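**Q** My structure is in target-v2.txt, and what it holds is compact mmCIF, C-alpha atoms:
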```
# COMPACT_ATOMS: atom_id res chain seq x y z
CA MET Q 1 21.77 0.04 18.17
CA PRO Q 2 20.00 2.62 15.99
CA GLU Q 3 16.73 1.66 14.35
CA ARG Q 4 17.00 0.25 10.85
CA TRP Q 5 14.28 0.88 8.30
CA PHE Q 6 13.64 -0.74 4.94
CA ARG Q 7 12.43 1.89 2.48
CA GLU Q 8 10.64 0.84 -0.69
CA THR Q 9 10.79 3.18 -3.68
CA LEU Q 10 8.94 1.21 -6.32
CA HIS Q 11 7.71 4.52 -7.70
CA PRO Q 12 10.07 7.54 -7.77
CA GLU Q 13 7.37 9.85 -6.41
CA LEU Q 14 6.58 7.72 -3.34
CA GLN Q 15 8.45 6.03 -0.53
CA ALA Q 16 7.18 3.58 2.08
CA GLY Q 17 9.09 2.45 5.15
CA ILE Q 18 8.96 -0.65 7.36
CA ARG Q 19 11.01 -0.91 10.55
CA VAL Q 20 13.41 -3.86 10.57
CA ASP Q 21 13.02 -5.25 14.07
CA HIS Q 22 14.98 -8.46 13.47
CA LEU Q 23 17.02 -9.27 10.37
CA ILE Q 24 16.58 -12.86 9.16
CA HIS Q 25 18.42 -12.88 5.82
CA GLU Q 26 20.03 -10.38 3.48
CA GLY Q 27 21.82 -11.29 0.26
CA ARG Q 28 21.68 -11.82 -3.49
CA THR Q 29 20.75 -14.78 -5.64
CA PRO Q 30 21.85 -15.07 -9.30
CA PHE Q 31 18.63 -13.22 -10.21
CA GLN Q 32 17.73 -10.70 -7.51
CA SER Q 33 18.37 -9.30 -4.05
CA VAL Q 34 16.54 -10.93 -1.12
CA LEU Q 35 15.72 -9.39 2.25
CA ILE Q 36 13.77 -11.20 4.98
CA PHE Q 37 13.08 -9.57 8.33
CA ASP Q 38 10.59 -9.38 11.17
CA ASN Q 39 8.42 -6.38 12.02
CA GLU Q 40 6.31 -6.13 15.16
CA LEU Q 41 3.13 -5.20 13.28
CA LEU Q 42 3.54 -7.19 10.06
CA GLY Q 43 5.38 -10.31 11.21
CA ARG Q 44 7.85 -11.74 8.73
CA VAL Q 45 8.44 -9.70 5.57
CA LEU Q 46 9.86 -10.86 2.22
CA VAL Q 47 11.47 -8.26 -0.06
CA LEU Q 48 12.83 -8.98 -3.56
CA ASP Q 49 14.83 -6.36 -5.45
CA ASP Q 50 13.82 -3.78 -2.85
CA VAL Q 51 10.08 -4.36 -3.38
CA VAL Q 52 7.84 -5.90 -0.69
CA GLN Q 53 6.47 -9.23 -1.92
CA THR Q 54 4.53 -10.47 1.08
CA THR Q 55 4.12 -10.16 4.83
CA GLU Q 56 2.71 -12.60 7.36
CA ARG Q 57 0.05 -10.07 8.36
CA ASP Q 58 -1.62 -9.45 5.00
CA GLU Q 59 -0.53 -12.31 2.68
CA PHE Q 60 -3.90 -14.04 3.09
CA ILE Q 61 -5.68 -11.29 1.16
CA TYR Q 62 -3.43 -11.44 -1.89
CA HIS Q 63 -3.04 -15.23 -2.03
CA GLU Q 64 -6.72 -16.03 -1.39
CA MET Q 65 -7.89 -13.65 -4.09
CA LEU Q 66 -5.31 -14.73 -6.67
CA VAL Q 67 -6.12 -18.42 -6.13
CA HIS Q 68 -9.72 -18.90 -5.10
CA VAL Q 69 -11.40 -16.60 -7.63
CA PRO Q 70 -10.26 -18.72 -10.62
CA LEU Q 71 -10.48 -22.11 -8.88
CA MET Q 72 -13.94 -21.44 -7.48
CA SER Q 73 -15.15 -20.39 -10.93
CA LEU Q 74 -14.72 -23.98 -12.17
CA ASP Q 75 -16.69 -27.03 -11.16
CA SER Q 76 -13.79 -29.41 -10.57
CA PRO Q 77 -10.35 -28.00 -11.41
CA SER Q 78 -7.73 -30.72 -11.19
CA ASP Q 79 -4.56 -29.67 -13.02
CA ILE Q 80 -3.07 -26.34 -11.94
CA LEU Q 81 0.05 -24.48 -13.08
CA ILE Q 82 1.70 -21.76 -10.98
CA ILE Q 83 4.32 -19.53 -12.57
CA GLY Q 84 6.45 -17.86 -9.90
CA GLY Q 85 5.15 -17.74 -6.35
CA GLY Q 86 8.43 -18.66 -4.70
CA ASP Q 87 7.15 -17.83 -1.20
CA GLY Q 88 4.74 -20.77 -1.46
CA GLY Q 89 1.65 -18.87 -0.35
CA CYS Q 90 -0.15 -19.36 -3.66
CA LEU Q 91 0.72 -23.06 -3.71
CA GLU Q 92 -0.57 -23.49 -0.17
CA GLU Q 93 -3.94 -21.96 -1.11
CA VAL Q 94 -4.31 -24.09 -4.26
CA LEU Q 95 -3.72 -27.26 -2.27
CA LYS Q 96 -6.75 -26.48 -0.10
CA HIS Q 97 -8.79 -27.63 -3.12
CA PRO Q 98 -9.15 -31.31 -4.09
CA VAL Q 99 -6.85 -30.86 -7.09
CA ARG Q 100 -4.93 -33.72 -8.69
CA ASN Q 101 -1.66 -31.99 -9.56
CA VAL Q 102 -0.04 -28.59 -9.05
CA SER Q 103 2.96 -27.83 -11.23
CA MET Q 104 4.91 -24.89 -9.84
CA ILE Q 105 7.66 -23.28 -11.91
CA GLU Q 106 10.03 -20.93 -10.15
CA LEU Q 107 13.14 -19.43 -11.70
CA ASP Q 108 15.04 -18.74 -8.48
CA ARG Q 109 15.94 -21.86 -6.49
CA GLU Q 110 17.39 -19.82 -3.62
CA VAL Q 111 14.09 -17.98 -3.04
CA LEU Q 112 12.35 -21.35 -2.73
CA GLU Q 113 14.94 -22.62 -0.26
CA LEU Q 114 14.77 -19.44 1.81
CA SER Q 115 10.98 -19.58 1.83
CA GLN Q 116 10.95 -23.16 3.05
CA LYS Q 117 13.42 -22.23 5.77
CA HIS Q 118 12.03 -18.87 6.92
CA LEU Q 119 8.43 -18.48 5.64
CA GLY Q 120 6.77 -21.61 7.01
CA SER Q 121 3.82 -19.60 8.33
CA ILE Q 122 3.03 -18.63 4.72
CA CYS Q 123 3.82 -21.80 2.74
CA GLY Q 124 3.01 -24.40 5.40
CA ASP Q 125 3.78 -27.92 4.16
CA ALA Q 126 2.86 -27.08 0.56
CA PHE Q 127 6.26 -27.92 -0.91
CA ASP Q 128 6.09 -31.42 0.64
CA ASP Q 129 2.56 -32.22 -0.60
CA PRO Q 130 2.62 -35.23 -2.97
CA ARG Q 131 0.44 -33.30 -5.43
CA THR Q 132 3.16 -30.66 -5.84
CA GLU Q 133 5.44 -30.90 -8.86
CA LEU Q 134 8.23 -28.36 -8.41
CA ARG Q 135 10.32 -27.26 -11.38
CA ILE Q 136 13.27 -24.83 -11.29
CA GLU Q 137 13.27 -23.18 -14.68
CA ASP Q 138 12.08 -20.23 -16.75
CA GLY Q 139 8.28 -20.23 -16.67
CA ALA Q 140 7.89 -18.29 -19.92
CA LYS Q 141 10.20 -20.70 -21.74
CA TYR Q 142 8.36 -23.69 -20.29
CA LEU Q 143 4.99 -22.40 -21.52
CA SER Q 144 6.39 -21.73 -24.99
CA GLU Q 145 7.52 -25.36 -25.31
CA THR Q 146 5.12 -27.57 -23.33
CA GLU Q 147 2.14 -29.41 -24.80
CA ARG Q 148 0.44 -29.84 -21.41
CA GLN Q 149 -2.89 -28.19 -20.71
CA PHE Q 150 -4.23 -26.96 -17.38
CA ASP Q 151 -7.53 -26.02 -15.81
CA VAL Q 152 -6.00 -22.93 -14.21
CA ILE Q 153 -2.73 -21.09 -14.84
CA ILE Q 154 -1.79 -18.68 -12.05
CA VAL Q 155 0.94 -16.13 -12.66
CA ASP Q 156 2.20 -15.09 -9.23
CA SER Q 157 4.92 -12.79 -10.51
CA THR Q 158 6.92 -9.84 -9.32
CA ASP Q 159 6.32 -6.48 -11.00
CA PRO Q 160 7.26 -6.17 -14.71
CA ILE Q 161 10.86 -5.29 -13.98
CA GLY Q 162 13.89 -7.57 -13.97
CA PRO Q 163 13.14 -11.31 -14.26
CA GLY Q 164 9.36 -10.73 -14.07
CA ALA Q 165 9.05 -8.47 -17.11
CA VAL Q 166 8.50 -11.25 -19.67
CA LEU Q 167 5.49 -12.52 -17.70
CA PHE Q 168 3.46 -9.49 -18.79
CA SER Q 169 4.05 -9.78 -22.54
CA HIS Q 170 1.47 -10.52 -25.25
CA ALA Q 171 3.49 -13.57 -26.36
CA PHE Q 172 3.46 -14.97 -22.82
CA TYR Q 173 -0.30 -14.52 -22.48
CA ALA Q 174 -0.79 -16.20 -25.87
CA ASN Q 175 1.16 -19.23 -24.66
CA CYS Q 176 -0.98 -19.29 -21.53
CA ARG Q 177 -4.11 -19.41 -23.70
CA ARG Q 178 -2.66 -22.31 -25.73
CA CYS Q 179 -1.94 -24.26 -22.55
CA LEU Q 180 -5.41 -23.89 -21.04
CA LYS Q 181 -8.13 -26.51 -21.30
CA PRO Q 182 -11.31 -25.32 -23.12
CA ARG Q 183 -12.93 -23.87 -19.98
CA GLY Q 184 -9.60 -23.04 -18.35
CA ILE Q 185 -8.76 -19.74 -16.64
CA LEU Q 186 -5.63 -17.60 -16.56
CA ALA Q 187 -5.17 -15.62 -13.32
CA THR Q 188 -2.60 -12.84 -12.97
CA GLN Q 189 -1.54 -10.04 -10.66
CA ASN Q 190 -1.57 -6.65 -12.36
CA GLY Q 191 -0.21 -4.21 -9.85
CA VAL Q 192 -1.81 -1.22 -8.16
CA PRO Q 193 -3.53 0.66 -11.00
CA PHE Q 194 -3.79 4.00 -9.20
CA ILE Q 195 0.00 4.16 -9.63
CA GLN Q 196 0.77 1.42 -12.19
CA SER Q 197 -1.97 2.18 -14.72
CA ASP Q 198 0.13 1.13 -17.72
CA GLU Q 199 0.55 -2.35 -16.25
CA LEU Q 200 -3.20 -2.91 -16.08
CA SER Q 201 -3.95 -1.29 -19.44
CA ALA Q 202 -1.33 -3.35 -21.28
CA SER Q 203 -2.64 -6.60 -19.84
CA ALA Q 204 -6.22 -5.58 -20.65
CA ASP Q 205 -5.25 -4.92 -24.28
CA ALA Q 206 -3.65 -8.35 -24.58
CA PHE Q 207 -6.53 -10.10 -22.83
CA ARG Q 208 -9.10 -8.51 -25.17
CA GLN Q 209 -7.20 -9.76 -28.19
CA LEU Q 210 -6.70 -13.28 -26.84
CA PHE Q 211 -9.71 -14.21 -24.69
CA ALA Q 212 -13.49 -14.19 -25.01
CA PHE Q 213 -13.85 -13.24 -21.33
CA PRO Q 214 -11.13 -10.73 -20.37
CA LYS Q 215 -11.97 -9.88 -16.77
CA PHE Q 216 -10.31 -7.97 -13.92
CA TYR Q 217 -11.07 -7.90 -10.23
CA PHE Q 218 -9.70 -5.99 -7.26
CA ALA Q 219 -8.74 -6.20 -3.58
CA ALA Q 220 -6.98 -3.89 -1.14
CA VAL Q 221 -3.71 -5.44 0.10
CA PRO Q 222 -2.33 -3.08 2.77
CA MET Q 223 1.39 -3.44 2.06
CA TYR Q 224 1.08 -2.90 -1.70
CA VAL Q 225 1.31 0.88 -1.66
CA GLY Q 226 -1.16 2.95 -3.66
CA GLY Q 227 -4.60 1.51 -3.07
CA THR Q 228 -6.50 -1.26 -4.78
CA MET Q 229 -4.62 -4.25 -6.24
CA ALA Q 230 -5.66 -5.52 -9.67
CA PHE Q 231 -5.96 -9.16 -10.68
CA GLY Q 232 -6.65 -10.58 -14.14
CA CYS Q 233 -8.98 -13.50 -14.80
CA ALA Q 234 -9.21 -14.45 -18.48
CA SER Q 235 -10.81 -17.39 -20.24
CA GLN Q 236 -12.24 -18.52 -23.56
CA LYS Q 237 -15.40 -20.09 -22.11
CA THR Q 238 -15.65 -19.24 -18.39
CA ASP Q 239 -16.86 -15.89 -17.13
CA ALA Q 240 -15.56 -15.79 -13.56
CA SER Q 241 -17.57 -12.66 -12.83
CA ALA Q 242 -20.90 -14.36 -13.60
CA VAL Q 243 -20.81 -17.48 -11.42
CA VAL Q 244 -24.03 -17.73 -9.41
CA LYS Q 245 -23.58 -16.83 -5.73
CA ASP Q 246 -25.31 -19.98 -4.49
CA VAL Q 247 -22.99 -22.10 -6.66
CA LEU Q 248 -19.95 -20.41 -5.15
CA ALA Q 249 -21.28 -20.91 -1.63
CA GLN Q 250 -21.92 -24.59 -2.29
CA ARG Q 251 -18.44 -25.08 -3.71
CA ILE Q 252 -16.90 -23.48 -0.62
CA LYS Q 253 -18.89 -25.92 1.52
CA ASP Q 254 -18.14 -28.97 -0.62
CA ARG Q 255 -14.40 -28.22 -0.66
CA HIS Q 256 -14.34 -27.60 3.11
CA LEU Q 257 -12.62 -24.25 2.69
CA LYS Q 258 -12.00 -22.12 5.77
CA LEU Q 259 -10.81 -18.74 4.50
CA ASN Q 260 -10.16 -15.32 6.00
CA TYR Q 261 -10.86 -13.01 3.06
CA TYR Q 262 -12.44 -14.80 0.11
CA SER Q 263 -16.18 -15.53 0.16
CA ALA Q 264 -18.97 -15.84 -2.40
CA ASP Q 265 -19.93 -12.20 -1.81
CA VAL Q 266 -16.33 -11.01 -2.08
CA HIS Q 267 -15.84 -13.03 -5.29
CA LEU Q 268 -18.70 -11.30 -7.09
CA GLY Q 269 -18.16 -7.87 -5.56
CA ALA Q 270 -14.46 -7.82 -6.51
CA PHE Q 271 -15.38 -7.49 -10.21
CA ALA Q 272 -17.20 -4.18 -9.61
CA MET Q 273 -15.03 -1.22 -10.52
CA PRO Q 274 -15.24 2.58 -10.43
CA PRO Q 275 -15.08 4.46 -13.74
CA TYR Q 276 -11.35 5.20 -13.56
CA LEU Q 277 -10.57 1.47 -13.39
CA ARG Q 278 -13.16 0.62 -16.03
CA ASP Q 279 -11.50 3.13 -18.35
CA LEU Q 280 -8.10 1.47 -17.85
CA THR Q 281 -9.49 -1.93 -18.89
CA ALA Q 282 -11.82 -0.79 -21.69
```
Rewrite the structure of this file - the entire thing - as structure tokens.
**A**
Amino acid sequence: MPERWFRETLHPELQAGIRVDHLIHEGRTPFQSVLIFDNELLGRVLVLDDVVQTTERDEFIYHEMLVHVPLMSLDSPSDILIIGGGDGGCLEEVLKHPVRNVSMIELDREVLELSQKHLGSICGDAFDDPRTELRIEDGAKYLSETERQFDVIIVDSTDPIGPGAVLFSHAFYANCRRCLKPRGILATQNGVPFIQSDELSASADAFRQLFAFPKFYFAAVPMYVGGTMAFGCASQKTDASAVVKDVLAQRIKDRHLKLNYYSADVHLGAFAMPPYLRDLTA
């Protein structure tokens, strides 16, 4: 049979291809298209609406940085909220901490079911952990209505197109602020700013208006085309960029974390940015 390639065109000027060595699933949910396949180099690959979401090979970089930077910035985070994250990788990383409860809100039930069936190397047993509270509903609507407060809110969203667009709005970020405990932290993914500069700038504008500590940090995730990936880390009372290195190292030890990308040095270094990124967040 002829080779099949998946070609991502998230940006009209660029195209990236991944060879489909073994097709696992291809179809549509009520919200989006879903493609899952194996690639010899990358392992299992999850694609939503023709955009790569995660691969077995590099998911640890994205999920460790999205999760451990905010959780390690707090002394004893216990109540965590995840918006999105249907592949379960974010949830699996959160549960490495001695948290009390993780509420995960995912809009698309079928993505959750497919992840549990086909992405076990990424989500592990996270969906079966007794600390996991799984809710199938609109995360933005939930935050606009709930009175609960959390130590950390993690927004593990798709790009601001389709069902993920509302998760980048000023109103959504304001509801996140309302639902955080006094020292709580909001963590977000903000795209690849070399290509998606507007995504980072818009979030930075909202963060400056809403939070005393509007911070951004960066990591290179190979399968997110265009260079460095941006993450947001905003809080009213906690400056995640200023945690003492020895404190971070001790927390890693106390929580018995064995990680492949995140470290105390990486945590602090990730907040350094070249002028072109500083200009986008100023």
**Q** Between Q:Glu92, Q:Leu180, Q:Leu167, Q:Glu64, which residue has the minimum interatomic distance to Gly124 (chain Q), considering all atoms listed in the file?
**A**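 Selected residue with least distance to Gly124 (chain Q): Q:Glu92.
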**Q** Find the residues with any atom within 10 Å of (20.7, -12.4, -0.8); use all atoms listed in the file and the coordinates as given in the file, and write the answer as a PyMOL selection string.
**A** chain Q and resi 25-36+48-49+110-111+114
**Q** Considering only C-alpha atoms, state which residue in the set Q:Val67, Q:Ile80, Q:Leu143, Q:Val51 is at the smallest distance from His11 (chain Q).
**A**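 Of the candidates, the smallest distance to His11 (chain Q) is held by Q:Val51.
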**Q** What separation in Å, quoted to one decimal, exists between CA of Ser157 (chain Q) and CA of Asn101 (chain Q)?
**A**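 Between CA of Ser157 (chain Q) and CA of Asn101 (chain Q) the gap is 20.3 Å.
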**Q** With 4 Å of padding per side, what axis-aligned box (centre and edge lengths, Å, one decimal) covers all the listed atoms of region 35-42 of chain Q? Give it as AutoDock Vina command-line options.
**A**
```
--center_x 9.4 --center_y -8.2 --center_z 8.7 --size_x 20.6 --size_y 14.0 --size_z 20.9
```
**Q** Might you pull out every residue within 12 Å of Glu56 (chain Q), with only C-alpha atoms counted and same-chain residues fewer than 3 positions away left off, and present them as a VMD selection string?
**A** chain Q and resid 36 to 46 52 to 53 59 to 63 87 89 118 to 124 222 to 223
**Q** Keeping only C-alpha atoms, take the residues you just selected and write them out as a PDB file, in the coordinates of the input.
**A**
```pdb
ATOM      1  CA  ILE Q  36      13.770 -11.200   4.980  1.00  0.00           C
ATOM      2  CA  PHE Q  37      13.080  -9.570   8.330  1.00  0.00           C
ATOM      3  CA  ASP Q  38      10.590  -9.380  11.170  1.00  0.00           C
ATOM      4  CA  ASN Q  39       8.420  -6.380  12.020  1.00  0.00           C
ATOM      5  CA  GLU Q  40       6.310  -6.130  15.160  1.00  0.00           C
ATOM      6  CA  LEU Q  41       3.130  -5.200  13.280  1.00  0.00           C
ATOM      7  CA  LEU Q  42       3.540  -7.190  10.060  1.00  0.00           C
ATOM      8  CA  GLY Q  43       5.380 -10.310  11.210  1.00  0.00           C
ATOM      9  CA  ARG Q  44       7.850 -11.740   8.730  1.00  0.00           C
ATOM     10  CA  VAL Q  45       8.440  -9.700   5.570  1.00  0.00           C
ATOM     11  CA  LEU Q  46       9.860 -10.860   2.220  1.00  0.00           C
ATOM     12  CA  VAL Q  52       7.840  -5.900  -0.690  1.00  0.00           C
ATOM     13  CA  GLN Q  53       6.470  -9.230  -1.920  1.00  0.00           C
ATOM     14  CA  GLU Q  59      -0.530 -12.310   2.680  1.00  0.00           C
ATOM     15  CA  PHE Q  60      -3.900 -14.040   3.090  1.00  0.00           C
ATOM     16  CA  ILE Q  61      -5.680 -11.290   1.160  1.00  0.00           C
ATOM     17  CA  TYR Q  62      -3.430 -11.440  -1.890  1.00  0.00           C
ATOM     18  CA  HIS Q  63      -3.040 -15.230  -2.030  1.00  0.00           C
ATOM     19  CA  ASP Q  87       7.150 -17.830  -1.200  1.00  0.00           C
ATOM     20  CA  GLY Q  89       1.650 -18.870  -0.350  1.00  0.00           C
ATOM     21  CA  HIS Q 118      12.030 -18.870   6.920  1.00  0.00           C
ATOM     22  CA  LEU Q 119       8.430 -18.480   5.640  1.00  0.00           C
ATOM     23  CA  GLY Q 120       6.770 -21.610   7.010  1.00  0.00           C
ATOM     24  CA  SER Q 121       3.820 -19.600   8.330  1.00  0.00           C
ATOM     25  CA  ILE Q 122       3.030 -18.630   4.720  1.00  0.00           C
ATOM     26  CA  CYS Q 123       3.820 -21.800   2.740  1.00  0.00           C
ATOM     27  CA  GLY Q 124       3.010 -24.400   5.400  1.00  0.00           C
ATOM     28  CA  PRO Q 222      -2.330  -3.080   2.770  1.00  0.00           C
ATOM     29  CA  MET Q 223       1.390  -3.440   2.060  1.00  0.00           C
TER      30      MET Q 223
END
```
**Q** Which residue is closest to Pro193 (chain Q)? Choose from Q:His97, Q:Arg131, Q:Arg278, Q:His22 and count only C-alpha atoms.
**A** Q:Arg278
**Q** Tell me which residues come within 12 Å of (10.2, -21.8, -16.7), as JSON, numbers by chain, counting all atoms listed in the file in the file's coordinates.
**A** {"Q": [81, 82, 83, 84, 103, 104, 105, 106, 107, 108, 109, 134, 135, 136, 137, 138, 139, 140, 141, 142, 143, 144, 145, 146, 155, 163, 164, 166, 167, 172]}
**Q** Hey, can you check how far CA of Gly232 (chain Q) sits from CA of Phe216 (chain Q)?
**A**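 Going from CA of Gly232 (chain Q) over to CA of Phe216 (chain Q) covers 4.5 Å.
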**Q** Counting all atoms listed in the file, figure out which residue out of Q:Ala230, Q:Leu23, Q:Leu66, Q:Ala16 gets nearest to Ser201 (chain Q).
**A**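 Among Q:Ala230, Q:Leu23, Q:Leu66, Q:Ala16, it is Q:Ala230 that comes nearest to Ser201 (chain Q).
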**Q** How many Å separate CA of Ala282 (chain Q) from CA of Ala204 (chain Q)?
**A**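 Between CA of Ala282 (chain Q) and CA of Ala204 (chain Q) the gap is 7.4 Å.
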**Q** For Phe6 (chain Q), work out the shell of residues within 9 Å, counting all atoms listed in the file and skipping chain neighbours fewer than 2 positions away, then give it as a list in words.
**A**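 The contact residues come out as Arg4, Glu8, Ala16, Gly17, Ile18, Arg19, Val20 and Asp50 of chain Q.
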